[in-house]
Amino acid sequence: MRKPIVAIVGRPNVGKSTIFNRLVGERISIVEDKPGVTRDRIYAEAEWLNHKFDVIDTGGIEIGDEPLLQQMRYQAEIAIDEADVIIFLLNAKENITAADEEVAKLLFKSNKPVVLGVNKMDNPKMREEIYEYYAIGFGEPYPISGSHGLGLGDLLDKVVEHFPVKDMNEAEEDIIHFSLIGRPNVGKSSLVNAILNEERVIVSDIEGTTRDAIDTSLKRDGEEFIIIDTAGMRKRGKVYETTEKYSVLRALKAIERSDVVLVLLDAETGIREQDKKIAGYAHEAGKGVIIVVNKWDTVDKDDKTYQEFEQKVRSHFQFLDYAPIVFLSAKTKKRLHTLIPVIKTVSENHSKRIQTSVLNDVIMDALAVNPTPTVKGQRLKVLYAAQVSVQPPSFAIFVNDPELMHFSYKRFLENQIRNAFGFIGTPIKIFARKRQ
């Protein structure tokens with residue numbers, strides 16, 4: 001049984017993101033004192049009285065004809081459709097507005113349970129005016145203060161009353177988490193929408209449209225996935241806005257929460273130095289990595305184009321020589337079907353364990369092919385090896401003296417392990433240890 005979903009809905013600047021951050025216990029959603037900062041839906045897990053649930057922070061529902069405002073409204077409507085319970089937020093420092101009434105109309109049509117929260121009631125005297133909010137038509141209003149955390153307990157008590165009865169015997173299945181990273185405007189949100197076959201994430205030609213990391217569920221061929229879309233990462237010198245700064249930090253955190261990271265490149269504009277820096281974050285974090293060349297439909301091709309571009313990628317990303325390369329187009333969906341199987345393969349390799357006896361057979365064969373070097377009159381002796389962890393696969397090589405293990409020989413052993421067991425898409429860590 002899936003976790004219940006709670007959507008926080010309201011017009012812009014009523015404090016949705018502040019309440020969201022309070023519920024999940026950390027600063028995930030961007031908070032700024034200007035309307036429209038939260039553009040997409042943000043997902044995170046929260047817990048109240050042993051009830052775990054997913055919370056969605058939405059972009060403010062705004063009335064207007066501009067394309068971005070229309071998409072913000074569309075995202076909020078999708079969140080309402082997905083939610084089991086809706087928290088409808090009003091701003092106590094303002095009277096009920098026409099925009100509030102427009103949101104109320106959407107919520108009435110949804111036929112979902114709605115809990116009314118009146119935010120920014122920091123002053124206890126303001127609570128005497130709580131009764132006027134009955135007029136919006138959703139029953140008892142709950143006075144709260146997102147900035148001070150006041151009144152949230154009563155609000156959440158009411159929210160969990162609407163949750164379905166939980167089956168304690170039902171076990172959670174393993175879910176593959178993968179994120180999409182890359183510089184702005186390489187097509188991350190377009191690819192998410194193509195994979196899901198719906199407009200789940202706002203897509204715009206304006207760089208930096210996606211500012212928040214978004215978790216979205218996906219099920220394919222009986223396998224469950226969580227897609228983490230991230231904001232495009234710019235060079236440090238260009239990160240001026242506090243909004244954008246949080247986005248970069250969040251993208252790095254998204255990498256940490258991932259099993260597999262998709263590094264997106266733009267086939268149209270080619271490879272840039274920033275692409276390598278972004279890919280380095282995933283490599284250093286020890287995650288499974290897939291290099292995805294997007295917008296492949298925009299490239300004029302002949303019979304050598306594929307190989308030439310692949311060689312160019314390999315030359316620029318030598319530290320990711322283990323990563324598979326997938327060429328596709330999010331716009332036309334050409335070759336999109338090849339992506340999910342590669343993600344599954346990389347995830348399996350990232351968690352693969354090798355039997356110790358089989359591993360040592362490979363190591364002994366490697367020693368026979370290329371004997372250990374002699375350093376300053378001393379020869380390195382490899383005694384045995386063992387896999388010590390997964391995600392990424394890590395191996396301890398027990399030797400007579402770790403100082404004698406040269407980087408080049410460690411690299412040779414890594415290549416032998418890869419040749420024997422594959423490990424496509426995942427980094428491998430090898431540690432030289434002195435046998436006690």
# chains A, B, ... in the order shown; residues from 1 in each chain; ligands from 1
$ select_by_dssp --residues "region 287-434 of chain A" --states "strand (DSSP E or B)" --output "PDB file with N, CA and C atoms, in the first residue's frame"
ATOM      1  N   GLY A 288      25.943   5.105  -9.588  1.00  0.00           N
ATOM      2  CA  GLY A 288      25.875   4.584 -10.936  1.00  0.00           C
ATOM      3  C   GLY A 288      25.636   5.737 -11.897  1.00  0.00           C
ATOM      4  N   VAL A 289      26.299   5.721 -13.040  1.00  0.00           N
ATOM      5  CA  VAL A 289      26.227   6.862 -13.955  1.00  0.00           C
ATOM      6  C   VAL A 289      25.896   6.384 -15.368  1.00  0.00           C
ATOM      7  N   ILE A 290      24.980   7.106 -16.017  1.00  0.00           N
ATOM      8  CA  ILE A 290      24.678   6.914 -17.432  1.00  0.00           C
ATOM      9  C   ILE A 290      24.807   8.271 -18.105  1.00  0.00           C
ATOM     10  N   ILE A 291      25.553   8.322 -19.198  1.00  0.00           N
ATOM     11  CA  ILE A 291      25.654   9.550 -19.975  1.00  0.00           C
ATOM     12  C   ILE A 291      24.556   9.524 -21.029  1.00  0.00           C
ATOM     13  N   VAL A 292      23.666  10.516 -20.980  1.00  0.00           N
ATOM     14  CA  VAL A 292      22.537  10.587 -21.907  1.00  0.00           C
ATOM     15  C   VAL A 292      22.748  11.772 -22.842  1.00  0.00           C
ATOM     16  N   VAL A 293      22.857  11.489 -24.126  1.00  0.00           N
ATOM     17  CA  VAL A 293      22.995  12.543 -25.133  1.00  0.00           C
ATOM     18  C   VAL A 293      21.601  12.847 -25.664  1.00  0.00           C
ATOM     19  N   ASN A 294      21.057  13.982 -25.235  1.00  0.00           N
ATOM     20  CA  ASN A 294      19.703  14.379 -25.608  1.00  0.00           C
ATOM     21  C   ASN A 294      19.734  15.266 -26.858  1.00  0.00           C
ATOM     22  N   ILE A 325      26.656   5.032 -22.698  1.00  0.00           N
ATOM     23  CA  ILE A 325      26.167   6.235 -23.357  1.00  0.00           C
ATOM     24  C   ILE A 325      24.866   5.894 -24.080  1.00  0.00           C
ATOM     25  N   VAL A 326      23.840   6.689 -23.832  1.00  0.00           N
ATOM     26  CA  VAL A 326      22.544   6.488 -24.480  1.00  0.00           C
ATOM     27  C   VAL A 326      22.229   7.734 -25.305  1.00  0.00           C
ATOM     28  N   PHE A 327      21.979   7.551 -26.600  1.00  0.00           N
ATOM     29  CA  PHE A 327      21.588   8.637 -27.486  1.00  0.00           C
ATOM     30  C   PHE A 327      20.068   8.598 -27.656  1.00  0.00           C
ATOM     31  N   THR A 374      58.043  -4.223  -8.325  1.00  0.00           N
ATOM     32  CA  THR A 374      59.006  -4.056  -7.240  1.00  0.00           C
ATOM     33  C   THR A 374      59.270  -2.570  -7.051  1.00  0.00           C
ATOM     34  N   VAL A 375      59.147  -2.097  -5.811  1.00  0.00           N
ATOM     35  CA  VAL A 375      59.370  -0.700  -5.488  1.00  0.00           C
ATOM     36  C   VAL A 375      60.460  -0.596  -4.444  1.00  0.00           C
ATOM     37  N   GLN A 378      61.574  -3.765  -2.913  1.00  0.00           N
ATOM     38  CA  GLN A 378      60.546  -4.596  -2.272  1.00  0.00           C
ATOM     39  C   GLN A 378      59.440  -4.914  -3.273  1.00  0.00           C
ATOM     40  N   ARG A 379      59.008  -6.170  -3.269  1.00  0.00           N
ATOM     41  CA  ARG A 379      57.947  -6.573  -4.173  1.00  0.00           C
ATOM     42  C   ARG A 379      56.611  -6.584  -3.439  1.00  0.00           C
ATOM     43  N   VAL A 382      50.317  -9.666  -3.086  1.00  0.00           N
ATOM     44  CA  VAL A 382      48.863  -9.673  -2.918  1.00  0.00           C
ATOM     45  C   VAL A 382      48.474 -11.003  -2.293  1.00  0.00           C
ATOM     46  N   LEU A 383      47.866 -10.949  -1.113  1.00  0.00           N
ATOM     47  CA  LEU A 383      47.545 -12.158  -0.369  1.00  0.00           C
ATOM     48  C   LEU A 383      46.143 -12.675  -0.693  1.00  0.00           C
ATOM     49  N   TYR A 384      45.163 -11.814  -0.608  1.00  0.00           N
ATOM     50  CA  TYR A 384      43.800 -12.187  -1.001  1.00  0.00           C
ATOM     51  C   TYR A 384      42.965 -10.927  -1.101  1.00  0.00           C
ATOM     52  N   ALA A 385      41.734 -11.085  -1.593  1.00  0.00           N
ATOM     53  CA  ALA A 385      40.834  -9.950  -1.779  1.00  0.00           C
ATOM     54  C   ALA A 385      39.451 -10.313  -1.288  1.00  0.00           C
ATOM     55  N   ALA A 386      38.677  -9.288  -0.932  1.00  0.00           N
ATOM     56  CA  ALA A 386      37.298  -9.486  -0.491  1.00  0.00           C
ATOM     57  C   ALA A 386      36.486  -8.248  -0.807  1.00  0.00           C
ATOM     58  N   GLN A 387      35.239  -8.461  -1.197  1.00  0.00           N
ATOM     59  CA  GLN A 387      34.349  -7.320  -1.403  1.00  0.00           C
ATOM     60  C   GLN A 387      33.798  -6.901  -0.048  1.00  0.00           C
ATOM     61  N   VAL A 388      33.920  -5.603   0.256  1.00  0.00           N
ATOM     62  CA  VAL A 388      33.552  -5.129   1.587  1.00  0.00           C
ATOM     63  C   VAL A 388      32.243  -4.348   1.599  1.00  0.00           C
ATOM     64  N   SER A 389      31.772  -3.881   0.435  1.00  0.00           N
ATOM     65  CA  SER A 389      30.512  -3.151   0.412  1.00  0.00           C
ATOM     66  C   SER A 389      30.001  -3.026  -1.017  1.00  0.00           C
ATOM     67  N   SER A 394      32.916  -2.111  -3.544  1.00  0.00           N
ATOM     68  CA  SER A 394      34.223  -1.754  -2.982  1.00  0.00           C
ATOM     69  C   SER A 394      34.957  -3.016  -2.568  1.00  0.00           C
ATOM     70  N   PHE A 395      36.257  -3.045  -2.870  1.00  0.00           N
ATOM     71  CA  PHE A 395      37.058  -4.252  -2.653  1.00  0.00           C
ATOM     72  C   PHE A 395      38.298  -3.914  -1.833  1.00  0.00           C
ATOM     73  N   ALA A 396      38.565  -4.755  -0.855  1.00  0.00           N
ATOM     74  CA  ALA A 396      39.793  -4.642  -0.076  1.00  0.00           C
ATOM     75  C   ALA A 396      40.794  -5.666  -0.605  1.00  0.00           C
ATOM     76  N   ILE A 397      41.962  -5.181  -1.003  1.00  0.00           N
ATOM     77  CA  ILE A 397      43.052  -6.049  -1.447  1.00  0.00           C
ATOM     78  C   ILE A 397      44.072  -6.112  -0.314  1.00  0.00           C
ATOM     79  N   PHE A 398      44.233  -7.274   0.293  1.00  0.00           N
ATOM     80  CA  PHE A 398      45.141  -7.412   1.425  1.00  0.00           C
ATOM     81  C   PHE A 398      46.539  -7.745   0.908  1.00  0.00           C
ATOM     82  N   VAL A 399      47.507  -6.906   1.327  1.00  0.00           N
ATOM     83  CA  VAL A 399      48.873  -6.986   0.797  1.00  0.00           C
ATOM     84  C   VAL A 399      49.870  -6.931   1.951  1.00  0.00           C
ATOM     85  N   LYS A 429      35.609   0.867  -6.194  1.00  0.00           N
ATOM     86  CA  LYS A 429      36.624   1.357  -5.271  1.00  0.00           C
ATOM     87  C   LYS A 429      37.489   0.191  -4.807  1.00  0.00           C
ATOM     88  N   ILE A 430      38.792   0.382  -4.842  1.00  0.00           N
ATOM     89  CA  ILE A 430      39.755  -0.637  -4.416  1.00  0.00           C
ATOM     90  C   ILE A 430      40.655  -0.041  -3.339  1.00  0.00           C
ATOM     91  N   PHE A 431      40.745  -0.744  -2.200  1.00  0.00           N
ATOM     92  CA  PHE A 431      41.581  -0.279  -1.097  1.00  0.00           C
ATOM     93  C   PHE A 431      42.673  -1.312  -0.837  1.00  0.00           C
ATOM     94  N   ALA A 432      43.897  -0.848  -0.693  1.00  0.00           N
ATOM     95  CA  ALA A 432      44.998  -1.723  -0.298  1.00  0.00           C
ATOM     96  C   ALA A 432      45.047  -1.762   1.227  1.00  0.00           C
ATOM     97  N   ARG A 433      44.996  -2.958   1.795  1.00  0.00           N
ATOM     98  CA  ARG A 433      45.008  -3.121   3.243  1.00  0.00           C
ATOM     99  C   ARG A 433      46.133  -4.061   3.670  1.00  0.00           C
ATOM    100  N   LYS A 434      46.766  -3.746   4.764  1.00  0.00           N
ATOM    101  CA  LYS A 434      47.798  -4.622   5.293  1.00  0.00           C
ATOM    102  C   LYS A 434      47.143  -5.701   6.138  1.00  0.00           C
TER     103      LYS A 434
END
$ closest_residue --among "A:Ile340, A:Phe319, A:Ala254, A:His350" --to "Lys219 (chain A)" --atoms "only C-alpha atoms"
A:Ile340
$ residues_around --residues "Pro143 (chain A)" --least-positions-apart "3" --cutoff "7 Å" --atoms "only C-alpha atoms" --output "PDB file with N, CA, C and O atoms, in the first residue's frame"
ATOM      1  N   GLY A 117      -6.190  25.698   6.364  1.00  0.00           N
ATOM      2  CA  GLY A 117      -5.210  26.310   7.261  1.00  0.00           C
ATOM      3  C   GLY A 117      -5.110  27.802   6.984  1.00  0.00           C
ATOM      4  O   GLY A 117      -4.996  28.220   5.832  1.00  0.00           O
ATOM      5  N   VAL A 118      -5.159  28.603   8.036  1.00  0.00           N
ATOM      6  CA  VAL A 118      -5.012  30.058   7.902  1.00  0.00           C
ATOM      7  C   VAL A 118      -3.635  30.416   8.446  1.00  0.00           C
ATOM      8  O   VAL A 118      -3.406  30.398   9.661  1.00  0.00           O
ATOM      9  N   ASN A 119      -2.727  30.708   7.551  1.00  0.00           N
ATOM     10  CA  ASN A 119      -1.319  30.898   7.903  1.00  0.00           C
ATOM     11  C   ASN A 119      -1.031  32.347   8.306  1.00  0.00           C
ATOM     12  O   ASN A 119      -1.824  33.248   8.055  1.00  0.00           O
ATOM     13  N   MET A 121      -0.755  33.549  11.305  1.00  0.00           N
ATOM     14  CA  MET A 121      -1.430  34.011  12.523  1.00  0.00           C
ATOM     15  C   MET A 121      -0.425  33.965  13.673  1.00  0.00           C
ATOM     16  O   MET A 121      -0.561  33.199  14.628  1.00  0.00           O
ATOM     17  N   ARG A 127      -6.197  35.434  16.235  1.00  0.00           N
ATOM     18  CA  ARG A 127      -7.004  34.215  16.232  1.00  0.00           C
ATOM     19  C   ARG A 127      -8.474  34.484  16.544  1.00  0.00           C
ATOM     20  O   ARG A 127      -9.327  33.632  16.303  1.00  0.00           O
ATOM     21  N   ILE A 130     -10.579  34.254  13.431  1.00  0.00           N
ATOM     22  CA  ILE A 130     -10.533  33.011  12.666  1.00  0.00           C
ATOM     23  C   ILE A 130     -11.901  32.648  12.090  1.00  0.00           C
ATOM     24  O   ILE A 130     -11.998  32.019  11.029  1.00  0.00           O
ATOM     25  N   GLY A 151       0.400  25.734  15.839  1.00  0.00           N
ATOM     26  CA  GLY A 151      -0.878  25.221  15.362  1.00  0.00           C
ATOM     27  C   GLY A 151      -0.805  24.082  14.367  1.00  0.00           C
ATOM     28  O   GLY A 151      -1.837  23.557  13.941  1.00  0.00           O
TER      29      GLY A 151
END
$ closest_residue --among "A:Ile144, A:Ile226, A:Lys109, A:Leu320" --to "Ile195 (chain A)" --atoms "only C-alpha atoms"
A:Ile226
$ residues_around --residues "Asp321 (chain A)" --least-positions-apart "3" --cutoff "10 Å" --atoms "only C-alpha atoms" --output "list in words"
Val313, Arg314, Ser315, His316, Phe317, Gln318, Pro324, Ile325, Ile424, Gly425, Thr426 and Pro427 of chain A
$ atom_distance --atom1 "CA of Tyr322 (chain A)" --atom2 "CA of Phe423 (chain A)"
7.8 Å
